[in-house]
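Asks: Supplied in structure tokens, the structure appears directly below.
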Amino acid sequence: MKGVPEFLQVARQSFLELQAAWDRADWPTLQQLATEPLLADLREQYEMRGPGPNHTEVLELHAELLALEELRDAFVASVEFRGLIRESDSAAAAPFRELWLLANVKAADRGWKLARVQALA
């Protein structure tokens with residue numbers, strides 16, 4: 001794995017790409033960035049959201065690597081994201097904190113994929 005600063009830069013970029021793909025309902029890009037189980041969850045959330053436009057502006061984004069584990073078949077990184085987002089043009093910016101679990105399967109040379117997202121209080 002690259003150094004922690006480089007890894008966190010890639011993680012921040014993935015966060016922004018995933019958010020933009022979610023807003024556009026860009027399923028091919030989401031499929032590249034997320035694991036199959038998470039994609040199933042995202043499809044359920046999309047059904048509840050509806051096909052209308054979605055717009056999220058990330059105003060501030062910080063990332064911290066909390067843990068890196070080597071499992072038998074994959075590496076798993078726990079990254080805490082926090083910052084400010086605006087979810088519509090008329091909304092005020094709101095703080096957020098999320099824990100992302102990123103997985104890198106050893107046998108499949110696909111890079112890091114988002115496996116789980118959990119909102120933190």
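Residues are named by chain letter and number: chains run A, B, ... in the order of the structure tokens, numbers start at 1 in each chain, and ligands are numbered from 1 in the order shown.
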Excluding range 81-86 of chain A and residues on its chain fewer than 2 positions from it, collect all residues at most 6 Å away from it, counting only C-alpha atoms, and give them as a ChimeraX atom specification.

Replies: /A:56-63,88,93-98

Asks: Just write the chosen residues, N, CA and C atoms, as a compact mmCIF listing (two decimals), in the first residue's frame.

Replies:
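Resulting contents of selection-v4.txt:
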# COMPACT_ATOMS: atom_id res chain seq x y z
N THR A 56 -25.39 17.37 -4.18
CA THR A 56 -24.66 17.48 -2.92
C THR A 56 -23.37 18.24 -3.21
N GLU A 57 -23.16 19.27 -2.43
CA GLU A 57 -21.94 20.06 -2.55
C GLU A 57 -21.08 19.78 -1.32
N VAL A 58 -19.89 19.25 -1.55
CA VAL A 58 -18.96 18.98 -0.46
C VAL A 58 -18.11 20.23 -0.28
N LEU A 59 -18.34 20.92 0.84
CA LEU A 59 -17.67 22.19 1.09
C LEU A 59 -16.36 22.02 1.84
N GLU A 60 -16.29 20.97 2.64
CA GLU A 60 -15.08 20.71 3.43
C GLU A 60 -15.01 19.21 3.64
N LEU A 61 -13.82 18.63 3.46
CA LEU A 61 -13.68 17.18 3.58
C LEU A 61 -12.34 16.82 4.22
N HIS A 62 -12.41 16.12 5.32
CA HIS A 62 -11.23 15.63 6.02
C HIS A 62 -11.32 14.12 6.10
N ALA A 63 -10.19 13.46 6.04
CA ALA A 63 -10.14 11.99 6.12
C ALA A 63 -9.05 11.58 7.10
N SER A 88 -28.76 20.74 -0.93
CA SER A 88 -29.57 21.44 -1.93
C SER A 88 -29.12 22.89 -1.95
N ALA A 93 -25.22 24.72 4.94
CA ALA A 93 -24.20 23.68 5.06
C ALA A 93 -24.39 22.95 6.39
N ALA A 94 -24.18 21.65 6.37
CA ALA A 94 -24.35 20.84 7.58
C ALA A 94 -23.10 19.99 7.80
N PRO A 95 -22.69 19.84 9.06
CA PRO A 95 -21.54 18.97 9.34
C PRO A 95 -21.94 17.50 9.18
N PHE A 96 -20.97 16.66 8.85
CA PHE A 96 -21.21 15.22 8.77
C PHE A 96 -19.97 14.48 9.27
N ARG A 97 -20.20 13.26 9.73
CA ARG A 97 -19.13 12.32 10.09
C ARG A 97 -19.59 10.95 9.62
N GLU A 98 -18.72 10.27 8.87
CA GLU A 98 -19.04 8.93 8.37
C GLU A 98 -17.82 8.04 8.50

Asks: Env of range 44-54 of chain A: 10 Å cut, atoms = only C-alpha atoms, seq-sep filter 6 positions within chain, self excluded. Answer as a short mmCIF file (atom, residue, chain, number, x, y, z; two decimals) with C-alpha atoms, in the first residue's frame.

Replies:
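result-v1.cif was written with the following content:
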data_model
loop_
_atom_site.label_atom_id
_atom_site.label_comp_id
_atom_site.auth_asym_id
_atom_site.auth_seq_id
_atom_site.Cartn_x
_atom_site.Cartn_y
_atom_site.Cartn_z
CA GLN A 19 -21.00 11.40 -4.21
CA ALA A 20 -21.08 12.86 -7.72
CA TRP A 22 -24.79 9.07 -6.63
CA ASP A 23 -26.17 12.51 -7.48
CA ARG A 24 -26.22 11.60 -11.22
CA ALA A 25 -27.45 8.04 -10.58
CA LEU A 38 -23.08 -2.03 -1.03
CA GLU A 87 -27.57 18.84 -0.01
CA SER A 88 -29.57 21.44 -1.93
#

Asks: Hey, what's within 7 Å of Leu114 in chain A if we count only C-alpha atoms and toss same-chain stuff fewer than 3 positions away? As a list of chain:residue names, please?

Replies: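 That gives A:Leu33, A:Ala34, A:Thr35, A:Trp100, A:Leu101, A:Leu102, A:Ala103.
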
Asks: Counting only C-alpha atoms, which residue out of A:Leu71, A:Ala115, A:Ala121, A:Val79 sits closest to Leu39 in chain A?

Replies: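 Of A:Leu71, A:Ala115, A:Ala121, A:Val79, the one nearest Leu39 in chain A, counting only C-alpha atoms, is A:Ala115.
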
Asks: Could you please determine the separation between CA of Lys106 in chain A and CA of Phe75 in chain A in Å, to one decimal place?

Replies: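 Going from CA of Lys106 in chain A over to CA of Phe75 in chain A covers 7.3 Å.
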
Asks: Going by DSSP on the backbone, which residues of range 2-116 of chain A come out as strand (DSSP E)? List them as number ranges by chain.

Replies: A: 57-70, 74-86, 94-105, 113-116

Asks: At what distance in Å, to one decimal, does CA of Asp89 in chain A lie from CA of Ser14 in chain A?

Replies: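 Between these atoms lies a distance of 22.9 Å.
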
Asks: In Å to one decimal, how far is CA of Thr29 in chain A from CA of Val105 in chain A?

Replies: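 So the two atoms, CA of Val105 in chain A and CA of Thr29 in chain A, lie 18.5 Å apart.
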